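Beneath this line is the structure, given in C-alpha cells, with notes to follow.
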Amino acid sequence: MSQTTDRKKTFSVKEFLLNSQSYIALVAIFIIGTLICVKNGRNLFLSLTNFMNLLRAVSETGILAIGMTMIILLGDIDLSVGSVVALVSTGSAALMVHNGWGFVPTVLACLCMGAAYGLFNGLVVTQMKIQAFVVTLASMNIARGLARLWSGGAGIPLTYGIGEGLAAPEFEFFCKRLGGVVPVPAIIFLSLLLIFWGVMSKTRFGRQIYAVGGNSTAAHLSGIKVKRVRTLAFVISGVLASIAGMIHSAQISQGGPNEGMSYEMYAIAAVAIGGTSMAGGKGTMLGTLVGALIFGMLDNVMGLKGINSNIQLVVKGFLIILSVFAQAVRKED
C-alpha cells in the first residue's frame with residue numbers, strides 16, 4: 001500500500017511540473033533577472049521603465065501569437081505573418097505618404113489587406129487541400145515580394161503632419177505612451193488577448209477550434225463546418241498581423257518590405273513555449289501570454305547584461321527545442 005501511495009505522489013509531482021513548466025520558467029527568469037541585472041546599486045530589471053519597455057517589445061509578436069495560437073490549435077501553421085507585417089507596414093506608409101490617405105481610410109485598408117491575405121491562405125489550404133506549411137511558406141514570399149514592388153524595394157519614412165508627403169498625425173498614436181508611461185502597443189496587445197481569451201473559452205467558435213484541432217473527422221461528423229472554421233482562423237490571423245504591421249511602422253517611423261523578419265518564428269515560439277500542442281487541440285491564450293513574456297523577458301535580461309546578439313539567438317533556439325521536447329514528454333506520460 002505504501003509503495004502504491006508513493007508512486008501516486010511521485011507521479012502527481014511530475015505531472016504538476018510538466019503542466020506548469022511555462023509558469024515555472026517565467027518565475028525562474030524573473031528571479032534571475034532580479035538577481036543579476038544590478039548596476040551601481042540600482043536594479044535595472046525591476047524598474048518601471050524596463051517593465052514598460054518589455055511590454056512594448058513583446059506587443060507586436062504577442063499580437064501575432066494570438067492568431068498563431070488559434071492556427072496551431074487547429075493543427076495548422078501560418079508562416080506568412082511576418083511578411084504580412086512587412087506588406088501592411090509598407091502599405092500603411094505608402095497610402096499616407098504617397099497617396100495622401102488619412103488615418104481612418106489607411107487603417108481600414110490595412111485591416112482589409114490582412115483579412116484578404118488570411119482569406120487567401122485559408123481558401124488555398126481548405127479548398128485545394130494543400131498543407132498549411134506549404135501554402136503559408138509560399139505566401140510568405142508572395143507578401144514580401146508585393147511589399148518590395150509597392151515600395152520599390154526601399155523603406156518609406158514617416159514624417160507626421162498635414163500636407164503632401166506627410167503621414168496622418170493620428171497614426172503616431174500607435175507608438176505613444178498613455179500618461180507618458182504605458183505603451184499603447186502593450187494596451188492593444190493585452191486588450192486583444194483578453195478579447196480572444198473570451199472567444200476561445202466562452203464562444204461556440206472557440207469550442208469548434210478545439211474540436212477540429214482535437215479530431216477534425218469527428219468534428220465534421222458532429223456537424224462542425226471544418227473548412228469554414230479553419231478559413232476564419234486564417235482570416236483572424238491575417239487581421240492581427242495587419243494590426244501588428246501598423247504598430248510596427250508607427251514605432252520605427254517607417255514602412256518597408258524588410259520589416260517583420262523572423263516574426264513568425266517568435267510568434268510560433270511564444271505559442272509553443274506557452275504550452276499549446278503543436279499537434280493541435282490543446283492550449284490556452286493565457287499560456288501564449290506566458291510564452292510571449294518568457295521570450296521577451298529572456299531577451300530583456302540578456303540585453304541588460306550586454307550578451308552578444310548571436311549568443312542570444314542560440315539560447316532562444318535551444319529554448320524552443322526544450323519547450324517542444326517537454327510537450328513530447330508530457331504526451332508520452
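Identifiers in this document derive from the order of the C-alpha cells: chains are assigned A, B, ..., residues are numbered from 1 separately in each chain, and ligands are numbered from 1 in order of occurrence.
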Check your understanding: Contacts of segment 162-167 of chain A at 9 Å or less, counting only C-alpha atoms, minus same-chain residues fewer than 5 places along, as a ChimeraX atom specification?
Key -> /A:93,95-103,172
Could the residues in this selection be saved with N, CA and C atoms as a PDB file, in the first residue's frame?
```pdb
ATOM      1  N   ALA A  93       2.402  53.074 -44.875  1.00  0.00           N
ATOM      2  CA  ALA A  93       3.277  54.214 -45.168  1.00  0.00           C
ATOM      3  C   ALA A  93       3.017  54.767 -46.569  1.00  0.00           C
ATOM      4  N   LEU A  95       0.295  54.505 -48.484  1.00  0.00           N
ATOM      5  CA  LEU A  95      -1.026  55.118 -48.628  1.00  0.00           C
ATOM      6  C   LEU A  95      -1.051  56.524 -48.044  1.00  0.00           C
ATOM      7  N   MET A  96      -0.376  56.732 -46.923  1.00  0.00           N
ATOM      8  CA  MET A  96      -0.388  58.057 -46.302  1.00  0.00           C
ATOM      9  C   MET A  96       0.592  59.014 -46.976  1.00  0.00           C
ATOM     10  N   VAL A  97       1.823  58.558 -47.223  1.00  0.00           N
ATOM     11  CA  VAL A  97       2.869  59.440 -47.743  1.00  0.00           C
ATOM     12  C   VAL A  97       2.732  59.678 -49.246  1.00  0.00           C
ATOM     13  N   HIS A  98       2.493  58.609 -50.005  1.00  0.00           N
ATOM     14  CA  HIS A  98       2.454  58.738 -51.462  1.00  0.00           C
ATOM     15  C   HIS A  98       1.070  59.072 -52.008  1.00  0.00           C
ATOM     16  N   ASN A  99       0.035  58.602 -51.315  1.00  0.00           N
ATOM     17  CA  ASN A  99      -1.326  58.792 -51.830  1.00  0.00           C
ATOM     18  C   ASN A  99      -2.161  59.791 -51.036  1.00  0.00           C
ATOM     19  N   GLY A 100      -1.625  60.271 -49.937  1.00  0.00           N
ATOM     20  CA  GLY A 100      -2.321  61.294 -49.172  1.00  0.00           C
ATOM     21  C   GLY A 100      -3.533  60.818 -48.399  1.00  0.00           C
ATOM     22  N   TRP A 101      -3.603  59.533 -48.081  1.00  0.00           N
ATOM     23  CA  TRP A 101      -4.758  58.999 -47.352  1.00  0.00           C
ATOM     24  C   TRP A 101      -4.702  59.453 -45.888  1.00  0.00           C
ATOM     25  N   GLY A 102      -5.889  59.592 -45.297  1.00  0.00           N
ATOM     26  CA  GLY A 102      -5.990  59.938 -43.893  1.00  0.00           C
ATOM     27  C   GLY A 102      -5.880  58.715 -42.995  1.00  0.00           C
ATOM     28  N   PHE A 103      -5.982  58.953 -41.708  1.00  0.00           N
ATOM     29  CA  PHE A 103      -5.799  57.889 -40.713  1.00  0.00           C
ATOM     30  C   PHE A 103      -6.845  56.782 -40.845  1.00  0.00           C
ATOM     31  N   GLU A 172       0.449  58.324 -35.357  1.00  0.00           N
ATOM     32  CA  GLU A 172       1.519  58.290 -34.357  1.00  0.00           C
ATOM     33  C   GLU A 172       1.016  57.755 -33.013  1.00  0.00           C
TER      34      GLU A 172
END
```
| task | Give me the residues within 9 Å of Gln312 of chain A as number ranges by chain, counting only C-alpha atoms and dropping any in the same chain fewer than 3 places off. | result | A: 298-299, 302-303, 307-309, 315-317
Filtering to C-alpha atoms, could you give me those residues as a PDB file, in the first residue's frame?
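Printed below is out-v2.pdb as written:
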```
ATOM      1  CA  LEU A 298      14.777  36.436 -21.729  1.00  0.00           C
ATOM      2  CA  ASP A 299      15.589  38.965 -24.454  1.00  0.00           C
ATOM      3  CA  MET A 302      20.282  39.207 -21.923  1.00  0.00           C
ATOM      4  CA  GLY A 303      20.107  42.725 -23.387  1.00  0.00           C
ATOM      5  CA  ILE A 307      25.180  39.433 -24.027  1.00  0.00           C
ATOM      6  CA  ASN A 308      26.262  39.024 -27.647  1.00  0.00           C
ATOM      7  CA  SER A 309      23.246  39.000 -30.000  1.00  0.00           C
ATOM      8  CA  VAL A 315      19.848  30.496 -26.336  1.00  0.00           C
ATOM      9  CA  LYS A 316      16.406  31.244 -27.802  1.00  0.00           C
ATOM     10  CA  GLY A 317      16.775  28.405 -30.293  1.00  0.00           C
TER      11      GLY A 317
END
```
Surrounding residues of segment 225-234 of chain A excluding itself and chain neighbours under 2 positions, 8 Å, only C-alpha atoms, as a list in words: Gly67, Met70, Ile71, Leu74, Asp78, Gly118, Leu119, Asn121, Gly122, Leu123, Thr126, Gln127, Phe205, Gln208, Ile209, Val212, Ser216, Ala219, His220, Gly223, Ile236, Ser237 and Gly238 of chain A
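Between atom CA of Val199 of chain A and atom CA of Lys129 of chain A lies a distance of 26.7 Å.
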What's around Ala241 of chain A at 6 Å? Count only C-alpha atoms, leave out sequence neighbours fewer than 3 positions away in its own chain, and write the answer as a ChimeraX atom specification.
/A:64,81,85,238,244
| If you run DSSP on this backbone, which residues of segment 56-213 of chain A come out as helix (DSSP H, G or I), and could you give them as an NGL selection string? | :A and (56-73 or 81-97 or 103-127 or 132-151 or 169-175 or 184-202 or 204-213)
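Comparing A:Gly291, A:Gly255, A:Gly260, A:Pro105 by their smallest distance to Ala272 of chain A, the closest is A:Gly291 (using only C-alpha atoms).
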Inset, instruction - Pick out the residues sitting within 8 Å of Gly91 of chain A, and hand them over as a list in words; count only C-alpha atoms, and ignore anything fewer than 6 positions along from it in its own chain. - result: Cys110, Ala147, Trp150 and Gly255 of chain A
Output file for the selection above: C-alpha atoms, as a PDB file, in the first residue's frame:
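The result, written out as out11.pdb:
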```pdb
ATOM      1  CA  CYS A 110      -4.725  47.775 -43.856  1.00  0.00           C
ATOM      2  CA  ALA A 147       5.799  44.810 -50.428  1.00  0.00           C
ATOM      3  CA  TRP A 150       4.894  48.521 -53.753  1.00  0.00           C
ATOM      4  CA  GLY A 255       7.260  51.196 -43.528  1.00  0.00           C
TER       5      GLY A 255
END
```
With distances taken over only C-alpha atoms, the candidate from A:Gln254, A:Ser262, A:Ser80, A:Ser277 nearest Val324 of chain A is A:Ser277
Find the residues of segment 51-90 of chain A that sit at most 8 Å from segment 176-197 of chain A; for each, write down the nearest two atoms and how far apart they are in Å, to one decimal. Count only C-alpha atoms. Sort by chain, then by number going up, and give it as a Markdown table.
```
| residue | atom | partner | partner_atom | distance |
| --- | --- | --- | --- | --- |
| A:Met52 | CA | A:Val182 | CA | 6.2 |
| A:Asn53 | CA | A:Pro183 | CA | 7.9 |
| A:Leu55 | CA | A:Ala186 | CA | 5.5 |
| A:Arg56 | CA | A:Ala186 | CA | 5.2 |
| A:Val58 | CA | A:Ala186 | CA | 7.8 |
| A:Ser59 | CA | A:Ala186 | CA | 5.2 |
| A:Glu60 | CA | A:Pro185 | CA | 7.4 |
| A:Gly62 | CA | A:Phe189 | CA | 6.6 |
| A:Ile63 | CA | A:Phe189 | CA | 5.5 |
| A:Ile66 | CA | A:Leu193 | CA | 6.6 |
```
Based on the selection just made, write C-alpha atoms of those residues as a PDB file, in the first residue's frame.
```
ATOM      1  CA  MET A  52       7.062  49.087 -19.818  1.00  0.00           C
ATOM      2  CA  ASN A  53       9.798  48.619 -22.417  1.00  0.00           C
ATOM      3  CA  LEU A  55       5.674  45.019 -22.654  1.00  0.00           C
ATOM      4  CA  ARG A  56       6.209  47.271 -25.660  1.00  0.00           C
ATOM      5  CA  VAL A  58       6.588  41.823 -26.885  1.00  0.00           C
ATOM      6  CA  SER A  59       3.445  43.565 -28.143  1.00  0.00           C
ATOM      7  CA  GLU A  60       3.943  43.041 -31.892  1.00  0.00           C
ATOM      8  CA  GLY A  62       2.413  38.887 -28.971  1.00  0.00           C
ATOM      9  CA  ILE A  63      -0.402  40.070 -31.241  1.00  0.00           C
ATOM     10  CA  ILE A  66      -2.735  35.364 -30.517  1.00  0.00           C
TER      11      ILE A  66
END
```
With distances taken over only C-alpha atoms, the candidate from A:Leu79, A:Ala65, A:Cys175, A:Leu48 nearest Leu293 of chain A is A:Ala65
key: DSSP strand (DSSP E) residues within segment 15-251 of chain A, as a PyMOL selection string   = chain A and resi 38-39+42-43+156-157+177-178+182-183
Once you have the residues from the selection above, write them out as an mmCIF file, in the first residue's frame, restricted to N, CA and C atoms.
```cif
data_model
loop_
_atom_site.group_PDB
_atom_site.id
_atom_site.type_symbol
_atom_site.label_atom_id
_atom_site.label_comp_id
_atom_site.auth_asym_id
_atom_site.auth_seq_id
_atom_site.Cartn_x
_atom_site.Cartn_y
_atom_site.Cartn_z
ATOM 1 N N VAL A 38 21.842 44.151 -11.828
ATOM 2 C CA VAL A 38 22.070 45.233 -10.862
ATOM 3 C C VAL A 38 23.331 45.998 -11.272
ATOM 4 N N LYS A 39 23.215 47.324 -11.297
ATOM 5 C CA LYS A 39 24.349 48.153 -11.688
ATOM 6 C C LYS A 39 24.403 49.388 -10.794
ATOM 7 N N ARG A 42 21.667 49.819 -8.341
ATOM 8 C CA ARG A 42 20.318 50.021 -8.875
ATOM 9 C C ARG A 42 19.902 48.804 -9.678
ATOM 10 N N ASN A 43 18.692 48.297 -9.400
ATOM 11 C CA ASN A 43 18.184 47.129 -10.119
ATOM 12 C C ASN A 43 17.527 47.580 -11.419
ATOM 13 N N ILE A 156 9.885 53.439 -46.578
ATOM 14 C CA ILE A 156 9.168 54.711 -46.753
ATOM 15 C C ILE A 156 9.121 55.414 -45.402
ATOM 16 N N PRO A 157 9.923 56.454 -45.197
ATOM 17 C CA PRO A 157 9.948 57.137 -43.895
ATOM 18 C C PRO A 157 8.620 57.822 -43.592
ATOM 19 N N ARG A 177 2.741 56.679 -25.500
ATOM 20 C CA ARG A 177 2.629 56.121 -24.155
ATOM 21 C C ARG A 177 1.548 56.885 -23.409
ATOM 22 N N LEU A 178 0.524 56.196 -22.945
ATOM 23 C CA LEU A 178 -0.542 56.851 -22.198
ATOM 24 C C LEU A 178 -0.004 57.310 -20.849
ATOM 25 N N VAL A 182 2.583 54.102 -20.010
ATOM 26 C CA VAL A 182 2.107 52.811 -20.542
ATOM 27 C C VAL A 182 2.081 52.853 -22.070
ATOM 28 N N PRO A 183 2.845 51.991 -22.751
ATOM 29 C CA PRO A 183 2.875 51.992 -24.216
ATOM 30 C C PRO A 183 1.525 51.564 -24.806
#
```
Residues of segment 173-279 of chain A that approach segment 20-26 of chain A to 9 Å or less, counting only C-alpha atoms: could you list each one with the shortest pair of atoms and its distance in Å to one decimal, rows by chain and increasing residue number, as a Markdown table?
```
| residue | atom | partner | partner_atom | distance |
| --- | --- | --- | --- | --- |
| A:Ile273 | CA | A:Ser22 | CA | 6.5 |
| A:Gly274 | CA | A:Ser22 | CA | 5.8 |
| A:Gly275 | CA | A:Ser22 | CA | 6.8 |
```
Min atom-atom distance to Thr34 of chain A from the set A:Thr69, A:Ser242, A:Asn300, A:Thr106, counting only C-alpha atoms, belongs to A:Asn300
Quick one: residues within 12 Å of Gly155 of chain A, only C-alpha atoms, excluding same-chain residues fewer than 2 positions away - as a JSON list (two decimals) with C-alpha atoms, in the first residue's frame?
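See selection22.json below for the written result:
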```
[["chain", "number", "residue", "atom", "x", "y", "z"],
["A", 86, "ALA", "CA", 6.05, 43.92, -43.91],
["A", 87, "LEU", "CA", 3.27, 44.26, -46.50],
["A", 89, "SER", "CA", 3.88, 48.29, -42.86],
["A", 90, "THR", "CA", 4.76, 49.23, -46.43],
["A", 91, "GLY", "CA", 1.12, 49.75, -47.40],
["A", 92, "SER", "CA", 0.27, 52.00, -44.48],
["A", 93, "ALA", "CA", 3.28, 54.21, -45.17],
["A", 94, "ALA", "CA", 2.67, 54.31, -48.93],
["A", 97, "VAL", "CA", 2.87, 59.44, -47.74],
["A", 147, "ALA", "CA", 5.80, 44.81, -50.43],
["A", 148, "ARG", "CA", 9.01, 45.27, -52.43],
["A", 149, "LEU", "CA", 7.08, 46.01, -55.61],
["A", 150, "TRP", "CA", 4.89, 48.52, -53.75],
["A", 151, "SER", "CA", 7.82, 50.37, -52.18],
["A", 152, "GLY", "CA", 10.36, 49.98, -54.95],
["A", 153, "GLY", "CA", 12.48, 47.92, -52.58],
["A", 157, "PRO", "CA", 9.95, 57.14, -43.89],
["A", 158, "LEU", "CA", 7.04, 58.51, -41.89],
["A", 249, "SER", "CA", 5.58, 51.10, -38.87],
["A", 252, "ILE", "CA", 10.01, 52.79, -36.16],
["A", 253, "SER", "CA", 8.56, 55.72, -38.19],
["A", 254, "GLN", "CA", 8.97, 53.77, -41.40],
["A", 255, "GLY", "CA", 7.26, 51.20, -43.53],
["A", 256, "GLY", "CA", 9.29, 48.81, -45.62],
["A", 257, "PRO", "CA", 9.47, 45.38, -47.25],
["A", 258, "ASN", "CA", 12.27, 44.16, -44.96],
["A", 259, "GLU", "CA", 10.32, 44.62, -41.73]]
```
